[in-house]
Amino acid sequence: MKKIIGLLIFGILVFSGISNIVISKENQSNYRILDKILVSAPILNQEGEYISVSIDEADSLWLEPGKPQLPVVTKVYAFPLGTKIINVTIEKYSDEYELTKKVIPSPEPLQLSCLSSQCSNSNIINETVYGSSELYPSNSDHISKGAGLKDGEHVLFLNIKITPQYSPVNNLLLVPHEIKIIVEYIPPVEPLFNSDEYDMIIITNEDYISKFQRFIDHKNNLGIRTTIDSVENIYPNYDGRDEAEDIKLRIKDAVEKLGIEYVILAGGRKGQTLEWHIPDRKISNWESGRDCSSDHYFADIYKIIDDEVAFEDWDSNDNGLYAESSNEISINLWDEIDYYPDVVVGRLPFRYEHEIDPLIDKIIQYESSPDKQWFHNALVVSGDQYPPFMGGLHGIYEGEMETNVTANLLEDQGFAVVRLWQSTHSWNGRSDIIDKFSDGLGFVHFACHGNPISIGSYPADDEDGGLIEALRLKDIKRLDNGNSLPVVMIHGCHTAQFSVSLSNILRDINEYGLWDTLRGARFLSSTWVPYDLTSAFLIKEDGGAIASFGYSGYGYFWGNGACLNGLCPWICMRFFDSYANQSIDIIGKARDQAIIDYLNIIGGMNDNALHRNAIEGWILMGDPSMKIGGY
Ligand SMILES: [Ca+2]
Ligand SMILES: [Ca+2]
Ligand SMILES: [Ca+2]
């Protein structure tokens with residue numbers, strides 16, 4: 001399956017404007033790119049007391065809550081991994097614009113677990129920035145490098161973002177009309193990794209290896225050469241700092257020595273204990289909430305440090321806490337992270353042995369049965385995610401905007417999409433959603449508030465906080481969709497918090513004491529449960545989902561009109577874009593493309609913990625090599 005890497009891959013992934021690129025060989029080993037970009041004049045729109053700024057060639061917005069919202073022009077170059085970037089020069093030729101009003105401030109982010117009016121917020125203007133004559137942002141060029149995958153090849157991404165600059169006190173906006181980028185680099189003499197023995201590795205318990213044999217046969221027959229290893233074999237053979245790092249080092253070995261593309265983490269919690277078949281990686285992003293696990297940790301194997309490819313351990317400050325970040329706490333508690341996936345990862349979160357066979361049956365059956373009439377039906381469910389009682393504007397229904405993007409993408413591909421929205425009064429409660437599953441669906445996208453065991457949304461323009469429930473954990477067993485198995489996307493907080501366990505009751509009593517545990521029961525009890533909703537969708541025998549996505553921690557979004565401009569909605573919508581617009585029909589690859597696009601187009605991962613949260617907590621439950629719709 002693996003292609004031999006070309007000596008010089010060179011790709012422009014983002015940017016729709018006029019660009020003129022010349023690549024030249026400078027000497028025996030050095031190359032040089034000269035890229036001239038023409039940028040159109042900014043479009044200035046009146047928005048009440050403010051002005052919004054947009055540029056045709058911009059792909060995203062520079063959003064720092066309370067600070068001026070500005071467009072971003074992005075260029076991305078991909079080189080074979082092992083390339084050394086010697087120098088990047090950016091020259092800009094800018095025009096000055098005098099503004100009559102202030103540039104609109106960026107919105108505050110909102111969580112998706114808000115089930116009460118506690119979450120109301122309002123836009124606060126950053127007086128320091130707006131009261132200054134200094135240019136914002138102080139630096140208009142932002143250069144970053146990462147190690148990841150492009151079209152299945154290991155590459156070095158060079159990402160260049162350029163923003164206009166704004167002096168609030170002087171009402172002055174500087175916008176480049178021409179940008180010249182010069183990149184000098186040395187490609188590697190030969191590819192960094194040459195092995196091509198296998199395509200996929202399954203990591204599970206020793207006891208379950210034989211159970212996976214027919215799954216391995218099925219994958220081998222499809223041309224996905226699959227091998228398997230056990231944690232019992234892995235732990236003594238690697239010297240990671242803990243079991244999760246041992247597994248990550250095993251995956252790194254499998255990339256380098258076997259040439260694998262896919263990893264299945266086969267197992268979740270052991271029953272209702274606090275032990276694991278395959279461990280999670282708890283992360284210390286304080287915006288994600290307690291107990292947030294990231295399976296993306298196992299996918300991001302390499303980073304670039306001083307132009308060298310290095311192991312990405314997600315602990316750059318080397319203190320044994322992984323993925324540390326927060327927008328509140330000291331900047332010292334921060335791990336710089338690459339985030340570009342280097343291998344495609346999914347988890348089969350079974351807890352009991354008897355759950356394995358039905359799961360394997362599901363995948364084999366799904367991939368082996370062509371001509372599924374029901375596959376071309378899809379369902380989206382949402383409402384007003386930031387209604388007026390929380391402080392939202394009237395007439396803007398964030399979750400419906402998000403799911404409408406998905407619905408339109410699928411309709412363009414010939415899907416018949418049912419939109420269950422609060423604004424159209426098309427659903428009133430859980431039974432409306434359960435009923436729709438019986439029809440058979442290819443895709444489902446929920447944009448809801450949530451916790452590990454339930455999701456719901458608000459009526460349009462809700463003034464009172466009357467949450468309408470969409471689904472509870474106990475409803476999963478009522479789904480009677482048999483072999484008509486959808487890919488289910490749940491954008492909601494904690495719906496994929498797969499570390500939940502009935503043993504959490506004892507853990508919490510141990511940690512907080514009996515009295516405080518009982519007092520906090522309202523907030524803790526949704527983790528005192530046997531499964532999270534996203535896992536339950538996949539594990540359900542005869543029905544449920546063929547693969548499911550959710551967030552293991554909080555799932556943030558920008559409120560009101562900015563809701564489609566980043567964070568979790570962007571990622572969820574982009575999965576459907578990967579499938580529908582970019583023709584990526586392998587589920588794990590479509591997931592990873594959404595992440596790669598987020599990093600390339602939106603970025604800011606090492607500036608803002610909320611961007612990190614959008615990627616870290618996004619979990620794929622299922623076989624990452626599964627072909628959507630089957631063969
Ligand atoms: Ca750390
Ligand atoms: Ca990486
Ligand atoms: Ca709203």
# chains A, B, ... in the order shown; residues from 1 in each chain; ligands from 1
>>> residues_near_ligand(ligand="ligand 2", cutoff="7 Å", atoms="only C-alpha atoms and all ligand atoms", output="list of chain:residue names")
A:Gly146, A:Ala147, A:Gly148, A:Asp300, A:Ile301, A:Tyr302, A:Lys303, A:Glu312, A:Asp338, A:Tyr339, A:Tyr340, A:Pro341, A:Asp342
>>> write_last_selection(atoms="C-alpha atoms", output="PDB file, in the first residue's frame")
ATOM      1  CA  GLY A 146       5.564  20.404  12.143  1.00  0.00           C
ATOM      2  CA  ALA A 147       6.120  16.725  11.369  1.00  0.00           C
ATOM      3  CA  GLY A 148       3.068  14.985   9.952  1.00  0.00           C
ATOM      4  CA  ASP A 300       1.503  12.453  17.096  1.00  0.00           C
ATOM      5  CA  ILE A 301       4.854  10.645  17.151  1.00  0.00           C
ATOM      6  CA  TYR A 302       7.292  13.209  15.720  1.00  0.00           C
ATOM      7  CA  LYS A 303       8.071  16.881  16.093  1.00  0.00           C
ATOM      8  CA  GLU A 312       7.125  13.969  20.369  1.00  0.00           C
ATOM      9  CA  ASP A 338       3.509  19.461  17.313  1.00  0.00           C
ATOM     10  CA  TYR A 339      -0.004  17.916  17.011  1.00  0.00           C
ATOM     11  CA  TYR A 340       0.354  16.845  13.333  1.00  0.00           C
ATOM     12  CA  PRO A 341      -0.584  13.138  13.256  1.00  0.00           C
ATOM     13  CA  ASP A 342       2.157  10.780  12.020  1.00  0.00           C
TER      14      ASP A 342
END
>>> residues_near_ligand(ligand="ligand 1", cutoff="6 Å", atoms="only C-alpha atoms and all ligand atoms", output="PDB file with C-alpha atoms, in the first residue's frame")
ATOM      1  CA  ASP A 315       5.998  16.882  27.646  1.00  0.00           C
ATOM      2  CA  SER A 316       8.394  19.524  26.320  1.00  0.00           C
ATOM      3  CA  ASN A 317       9.038  20.967  29.799  1.00  0.00           C
ATOM      4  CA  ASP A 318       9.876  17.455  31.007  1.00  0.00           C
ATOM      5  CA  ASN A 319       7.946  17.465  34.274  1.00  0.00           C
ATOM      6  CA  GLY A 320       5.892  14.299  33.835  1.00  0.00           C
ATOM      7  CA  LEU A 321       2.668  16.215  33.088  1.00  0.00           C
ATOM      8  CA  TYR A 322       1.509  15.866  29.496  1.00  0.00           C
ATOM      9  CA  GLU A 324       0.068  21.168  29.869  1.00  0.00           C
ATOM     10  CA  ASP A 335       4.173  21.999  26.778  1.00  0.00           C
TER      11      ASP A 335
END
>>> residues_near_ligand(ligand="ligand 3", cutoff="7 Å", atoms="only C-alpha atoms and all ligand atoms", output="list in words")
Asp384, Gln385, Tyr386, Pro387, Pro388, Gly392, Leu393, His394, Gly395, Ile396, Tyr397, Glu398, Asp461, Gly559 and Asn560 of chain A
>>> closest_residue(among="A:Leu348, A:Ile203, A:Leu172, A:Ile364", to="Tyr631 in chain A", atoms="only C-alpha atoms")
A:Ile364
>>> residues_around(residues="His154 in chain A", least_positions_apart="4", cutoff="10 Å", atoms="only C-alpha atoms", output="JSON, numbers by chain")
{"A": [5, 78, 79, 80, 81, 82, 147, 148, 149, 150, 191, 192, 193, 302, 341, 342, 343]}
>>> write_last_selection(atoms="N, CA and C atoms", output="mmCIF file, in the first residue's frame")
data_model
loop_
_atom_site.group_PDB
_atom_site.id
_atom_site.type_symbol
_atom_site.label_atom_id
_atom_site.label_comp_id
_atom_site.auth_asym_id
_atom_site.auth_seq_id
_atom_site.Cartn_x
_atom_site.Cartn_y
_atom_site.Cartn_z
ATOM 1 N N ILE A 5 8.557 7.260 -1.378
ATOM 2 C CA ILE A 5 8.538 8.728 -1.271
ATOM 3 C C ILE A 5 9.347 9.359 -2.406
ATOM 4 N N ALA A 78 4.919 21.727 2.028
ATOM 5 C CA ALA A 78 5.240 20.405 2.581
ATOM 6 C C ALA A 78 6.496 19.871 1.917
ATOM 7 N N PHE A 79 7.446 19.417 2.715
ATOM 8 C CA PHE A 79 8.721 18.872 2.231
ATOM 9 C C PHE A 79 8.860 17.451 2.765
ATOM 10 N N PRO A 80 9.682 16.612 2.112
ATOM 11 C CA PRO A 80 9.914 15.287 2.683
ATOM 12 C C PRO A 80 10.465 15.435 4.106
ATOM 13 N N LEU A 81 9.987 14.573 5.024
ATOM 14 C CA LEU A 81 10.489 14.645 6.393
ATOM 15 C C LEU A 81 11.997 14.409 6.375
ATOM 16 N N GLY A 82 12.719 15.206 7.120
ATOM 17 C CA GLY A 82 14.179 15.150 7.086
ATOM 18 C C GLY A 82 14.773 16.368 6.383
ATOM 19 N N ALA A 147 5.867 18.006 12.023
ATOM 20 C CA ALA A 147 6.120 16.725 11.369
ATOM 21 C C ALA A 147 4.805 15.970 11.287
ATOM 22 N N GLY A 148 4.355 15.656 10.074
ATOM 23 C CA GLY A 148 3.068 14.985 9.952
ATOM 24 C C GLY A 148 2.953 14.203 8.661
ATOM 25 N N LEU A 149 1.724 13.985 8.221
ATOM 26 C CA LEU A 149 1.474 13.189 7.023
ATOM 27 C C LEU A 149 0.780 14.039 5.973
ATOM 28 N N LYS A 150 1.193 13.858 4.717
ATOM 29 C CA LYS A 150 0.452 14.431 3.591
ATOM 30 C C LYS A 150 0.348 13.343 2.528
ATOM 31 N N PRO A 191 14.839 8.924 1.756
ATOM 32 C CA PRO A 191 13.710 8.996 2.694
ATOM 33 C C PRO A 191 14.115 8.568 4.102
ATOM 34 N N LEU A 192 13.498 9.177 5.104
ATOM 35 C CA LEU A 192 13.841 8.894 6.496
ATOM 36 C C LEU A 192 13.464 7.470 6.885
ATOM 37 N N PHE A 193 12.280 7.031 6.434
ATOM 38 C CA PHE A 193 11.829 5.666 6.753
ATOM 39 C C PHE A 193 11.609 4.904 5.449
ATOM 40 N N TYR A 302 6.085 12.420 16.018
ATOM 41 C CA TYR A 302 7.292 13.209 15.720
ATOM 42 C C TYR A 302 7.022 14.702 15.807
ATOM 43 N N PRO A 341 -0.619 14.594 13.113
ATOM 44 C CA PRO A 341 -0.584 13.138 13.256
ATOM 45 C C PRO A 341 0.448 12.511 12.319
ATOM 46 N N ASP A 342 1.161 11.499 12.819
ATOM 47 C CA ASP A 342 2.157 10.780 12.020
ATOM 48 C C ASP A 342 1.706 9.357 11.732
ATOM 49 N N VAL A 343 0.582 8.980 12.325
ATOM 50 C CA VAL A 343 0.018 7.656 12.130
ATOM 51 C C VAL A 343 -1.474 7.808 12.445
#
>>> select_by_dssp(residues="range 408-548 of chain A", states="strand (DSSP E)", output="ChimeraX atom specification")
/A:416-421,443-447,449-451,454-457,468-472,487-491,547-548
>>> select_by_dssp(residues="range 33-276 of chain A", states="alpha helix (DSSP H)", output="JSON, numbers by chain")
{"A": [127, 128, 129, 130, 213, 214, 215, 216, 217, 218, 219, 220, 221, 231, 232, 233, 234, 235, 236, 237, 243, 244, 245, 246, 247, 248, 249, 250, 251, 252, 253]}
>>> write_last_selection(atoms="N, CA and C atoms", output="mmCIF file, in the first residue's frame")
data_model
loop_
_atom_site.group_PDB
_atom_site.id
_atom_site.type_symbol
_atom_site.label_atom_id
_atom_site.label_comp_id
_atom_site.auth_asym_id
_atom_site.auth_seq_id
_atom_site.Cartn_x
_atom_site.Cartn_y
_atom_site.Cartn_z
ATOM 1 N N GLU A 127 -8.877 46.422 27.079
ATOM 2 C CA GLU A 127 -8.593 47.865 27.094
ATOM 3 C C GLU A 127 -7.127 48.156 26.792
ATOM 4 N N THR A 128 -6.253 47.241 27.186
ATOM 5 C CA THR A 128 -4.821 47.477 26.953
ATOM 6 C C THR A 128 -4.544 47.571 25.462
ATOM 7 N N VAL A 129 -5.140 46.636 24.695
ATOM 8 C CA VAL A 129 -4.904 46.655 23.251
ATOM 9 C C VAL A 129 -5.643 47.818 22.607
ATOM 10 N N TYR A 130 -6.930 47.997 22.956
ATOM 11 C CA TYR A 130 -7.729 49.048 22.300
ATOM 12 C C TYR A 130 -7.311 50.453 22.720
ATOM 13 N N GLN A 213 -7.913 -12.744 15.121
ATOM 14 C CA GLN A 213 -7.363 -13.378 13.918
ATOM 15 C C GLN A 213 -8.286 -13.201 12.704
ATOM 16 N N ARG A 214 -9.584 -13.393 12.891
ATOM 17 C CA ARG A 214 -10.466 -13.281 11.710
ATOM 18 C C ARG A 214 -10.582 -11.832 11.241
ATOM 19 N N PHE A 215 -10.412 -10.888 12.158
ATOM 20 C CA PHE A 215 -10.381 -9.473 11.775
ATOM 21 C C PHE A 215 -9.107 -9.192 10.953
ATOM 22 N N ILE A 216 -7.981 -9.762 11.413
ATOM 23 C CA ILE A 216 -6.715 -9.596 10.687
ATOM 24 C C ILE A 216 -6.834 -10.209 9.281
ATOM 25 N N ASP A 217 -7.444 -11.404 9.188
ATOM 26 C CA ASP A 217 -7.643 -12.042 7.878
ATOM 27 C C ASP A 217 -8.475 -11.140 6.963
ATOM 28 N N HIS A 218 -9.529 -10.586 7.541
ATOM 29 C CA HIS A 218 -10.410 -9.693 6.777
ATOM 30 C C HIS A 218 -9.621 -8.496 6.239
ATOM 31 N N LYS A 219 -8.803 -7.885 7.089
ATOM 32 C CA LYS A 219 -8.028 -6.707 6.675
ATOM 33 C C LYS A 219 -6.965 -7.093 5.651
ATOM 34 N N ASN A 220 -6.303 -8.230 5.869
ATOM 35 C CA ASN A 220 -5.293 -8.691 4.899
ATOM 36 C C ASN A 220 -5.923 -8.912 3.531
ATOM 37 N N ASN A 221 -7.137 -9.467 3.533
ATOM 38 C CA ASN A 221 -7.839 -9.694 2.262
ATOM 39 C C ASN A 221 -8.157 -8.395 1.545
ATOM 40 N N VAL A 231 0.122 -5.785 24.984
ATOM 41 C CA VAL A 231 0.729 -4.903 25.988
ATOM 42 C C VAL A 231 1.673 -5.696 26.890
ATOM 43 N N GLU A 232 1.361 -7.007 27.090
ATOM 44 C CA GLU A 232 2.236 -7.836 27.933
ATOM 45 C C GLU A 232 3.621 -7.965 27.301
ATOM 46 N N ASN A 233 3.657 -7.963 25.968
ATOM 47 C CA ASN A 233 4.937 -8.013 25.268
ATOM 48 C C ASN A 233 5.606 -6.633 25.213
ATOM 49 N N ILE A 234 4.790 -5.598 25.133
ATOM 50 C CA ILE A 234 5.315 -4.240 24.944
ATOM 51 C C ILE A 234 5.950 -3.694 26.230
ATOM 52 N N TYR A 235 5.238 -3.775 27.342
ATOM 53 C CA TYR A 235 5.705 -3.098 28.567
ATOM 54 C C TYR A 235 7.142 -3.454 28.977
ATOM 55 N N PRO A 236 7.513 -4.751 28.999
ATOM 56 C CA PRO A 236 8.896 -5.048 29.432
ATOM 57 C C PRO A 236 9.957 -4.648 28.404
ATOM 58 N N ASN A 237 9.528 -4.414 27.147
ATOM 59 C CA ASN A 237 10.509 -4.159 26.097
ATOM 60 C C ASN A 237 10.755 -2.686 25.798
ATOM 61 N N GLU A 243 3.091 3.314 31.086
ATOM 62 C CA GLU A 243 2.617 2.343 30.103
ATOM 63 C C GLU A 243 2.180 3.017 28.795
ATOM 64 N N ALA A 244 1.556 4.196 28.925
ATOM 65 C CA ALA A 244 1.106 4.897 27.716
ATOM 66 C C ALA A 244 2.312 5.275 26.846
ATOM 67 N N GLU A 245 3.399 5.701 27.487
ATOM 68 C CA GLU A 245 4.585 6.065 26.701
ATOM 69 C C GLU A 245 5.236 4.828 26.088
ATOM 70 N N ASP A 246 5.201 3.700 26.801
ATOM 71 C CA ASP A 246 5.688 2.444 26.220
ATOM 72 C C ASP A 246 4.941 2.140 24.913
ATOM 73 N N ILE A 247 3.636 2.309 24.966
ATOM 74 C CA ILE A 247 2.825 2.007 23.773
ATOM 75 C C ILE A 247 3.170 2.979 22.645
ATOM 76 N N LYS A 248 3.366 4.226 22.993
ATOM 77 C CA LYS A 248 3.716 5.221 21.969
ATOM 78 C C LYS A 248 5.072 4.885 21.336
ATOM 79 N N LEU A 249 6.011 4.430 22.167
ATOM 80 C CA LEU A 249 7.326 4.051 21.628
ATOM 81 C C LEU A 249 7.208 2.809 20.727
ATOM 82 N N ARG A 250 6.280 1.901 21.082
ATOM 83 C CA ARG A 250 6.034 0.727 20.237
ATOM 84 C C ARG A 250 5.476 1.155 18.878
ATOM 85 N N ILE A 251 4.582 2.129 18.906
ATOM 86 C CA ILE A 251 4.002 2.626 17.655
ATOM 87 C C ILE A 251 5.099 3.271 16.802
ATOM 88 N N LYS A 252 5.972 4.036 17.444
ATOM 89 C CA LYS A 252 7.087 4.681 16.730
ATOM 90 C C LYS A 252 7.948 3.617 16.041
ATOM 91 N N ASP A 253 8.247 2.558 16.772
ATOM 92 C CA ASP A 253 9.009 1.450 16.193
ATOM 93 C C ASP A 253 8.288 0.845 14.989
#
>>> closest_residue(among="A:Gln497, A:Gln413, A:Asn600, A:Gln46", to="Trp528 in chain A", atoms="only C-alpha atoms")
A:Gln497
>>> residues_around(residues="Val72 in chain A", least_positions_apart="5", cutoff="8 Å", atoms="only C-alpha atoms", output="list in words")
Ala58, Asp59, Ser60, Leu61, Trp62, Lys161, Ile162, Thr163 and Pro164 of chain A
>>> residues_around(residues="Asp607 in chain A", least_positions_apart="4", cutoff="10 Å", atoms="only C-alpha atoms", output="list of chain:residue names")
A:Glu64, A:Ser325, A:Ser326, A:Asn327, A:Ile331, A:Trp334, A:Glu336, A:Gly603, A:His611, A:Arg612
>>> write_last_selection(atoms="N, CA and C atoms", output="PDB file, in the first residue's frame")
ATOM      1  N   GLU A  64      -8.317  36.362  19.316  1.00  0.00           N
ATOM      2  CA  GLU A  64      -7.912  36.346  20.720  1.00  0.00           C
ATOM      3  C   GLU A  64      -8.994  37.106  21.469  1.00  0.00           C
ATOM      4  N   SER A 325      -1.365  23.032  29.444  1.00  0.00           N
ATOM      5  CA  SER A 325      -1.664  24.356  28.918  1.00  0.00           C
ATOM      6  C   SER A 325      -2.873  24.904  29.637  1.00  0.00           C
ATOM      7  N   SER A 326      -2.953  26.190  29.651  1.00  0.00           N
ATOM      8  CA  SER A 326      -4.098  26.852  30.240  1.00  0.00           C
ATOM      9  C   SER A 326      -4.051  28.302  29.820  1.00  0.00           C
ATOM     10  N   ASN A 327      -5.228  28.885  29.629  1.00  0.00           N
ATOM     11  CA  ASN A 327      -5.259  30.313  29.342  1.00  0.00           C
ATOM     12  C   ASN A 327      -5.281  31.131  30.623  1.00  0.00           C
ATOM     13  N   ILE A 331       2.316  30.740  32.311  1.00  0.00           N
ATOM     14  CA  ILE A 331       2.791  30.273  31.014  1.00  0.00           C
ATOM     15  C   ILE A 331       3.889  29.216  31.179  1.00  0.00           C
ATOM     16  N   TRP A 334       3.461  24.885  30.449  1.00  0.00           N
ATOM     17  CA  TRP A 334       3.057  24.824  29.053  1.00  0.00           C
ATOM     18  C   TRP A 334       3.972  23.856  28.328  1.00  0.00           C
ATOM     19  N   GLU A 336       5.036  22.731  24.631  1.00  0.00           N
ATOM     20  CA  GLU A 336       4.960  23.017  23.193  1.00  0.00           C
ATOM     21  C   GLU A 336       4.705  21.685  22.489  1.00  0.00           C
ATOM     22  N   GLY A 603      -4.531  26.936  13.240  1.00  0.00           N
ATOM     23  CA  GLY A 603      -3.278  26.951  14.008  1.00  0.00           C
ATOM     24  C   GLY A 603      -3.414  27.617  15.366  1.00  0.00           C
ATOM     25  N   HIS A 611      -7.591  25.991  21.223  1.00  0.00           N
ATOM     26  CA  HIS A 611      -7.309  25.302  19.956  1.00  0.00           C
ATOM     27  C   HIS A 611      -6.814  23.891  20.247  1.00  0.00           C
ATOM     28  N   ARG A 612      -5.972  23.778  21.262  1.00  0.00           N
ATOM     29  CA  ARG A 612      -5.427  22.458  21.615  1.00  0.00           C
ATOM     30  C   ARG A 612      -6.544  21.531  22.064  1.00  0.00           C
TER      31      ARG A 612
END
>>> atom_distance(atom1="CA of Ile468 in chain A", atom2="CA of Gly456 in chain A")
5.4 Å
>>> residues_around(residues="Ile104 in chain A", least_positions_apart="3", cutoff="6 Å", atoms="only C-alpha atoms", output="list in words")
Tyr50, Ile51, Ser52, Pro68 and Gln69 of chain A
>>> write_last_selection(atoms="N, CA and C atoms", output="mmCIF file, in the first residue's frame")
data_model
loop_
_atom_site.group_PDB
_atom_site.id
_atom_site.type_symbol
_atom_site.label_atom_id
_atom_site.label_comp_id
_atom_site.auth_asym_id
_atom_site.auth_seq_id
_atom_site.Cartn_x
_atom_site.Cartn_y
_atom_site.Cartn_z
ATOM 1 N N TYR A 50 -18.824 48.856 15.373
ATOM 2 C CA TYR A 50 -17.496 48.391 14.950
ATOM 3 C C TYR A 50 -17.406 48.219 13.434
ATOM 4 N N ILE A 51 -16.169 47.929 13.004
ATOM 5 C CA ILE A 51 -15.907 47.567 11.612
ATOM 6 C C ILE A 51 -15.296 46.176 11.611
ATOM 7 N N SER A 52 -15.766 45.311 10.704
ATOM 8 C CA SER A 52 -15.104 44.015 10.550
ATOM 9 C C SER A 52 -14.203 44.087 9.322
ATOM 10 N N PRO A 68 -8.719 42.753 18.829
ATOM 11 C CA PRO A 68 -9.283 42.950 17.486
ATOM 12 C C PRO A 68 -9.242 41.684 16.633
ATOM 13 N N GLN A 69 -10.345 41.472 15.910
ATOM 14 C CA GLN A 69 -10.486 40.281 15.058
ATOM 15 C C GLN A 69 -9.970 40.630 13.665
#
>>> closest_residue(among="A:Ser438, A:Asn159, A:Asn205, A:Ser24", to="Lys145 in chain A", atoms="only C-alpha atoms")
A:Asn159
>>> closest_residue(among="A:Pro188, A:Pro176, A:Gly520, A:Gly466", to="Ser40 in chain A", atoms="only C-alpha atoms")
A:Pro176
>>> closest_residue(among="A:Pro370, A:Gly544, A:Gly588, A:Pro168", to="Gly629 in chain A", atoms="only C-alpha atoms")
A:Pro370
>>> closest_residue(among="A:Gly66, A:Pro137, A:Gly259, A:Gly346", to="Ala299 in chain A", atoms="only C-alpha atoms")
A:Gly346
>>> residues_around(residues="range 262-268 of chain A", least_positions_apart="4", cutoff="6 Å", atoms="only C-alpha atoms", output="MDAnalysis selection string")
chainID A and resid 200:204 276:278 343:351
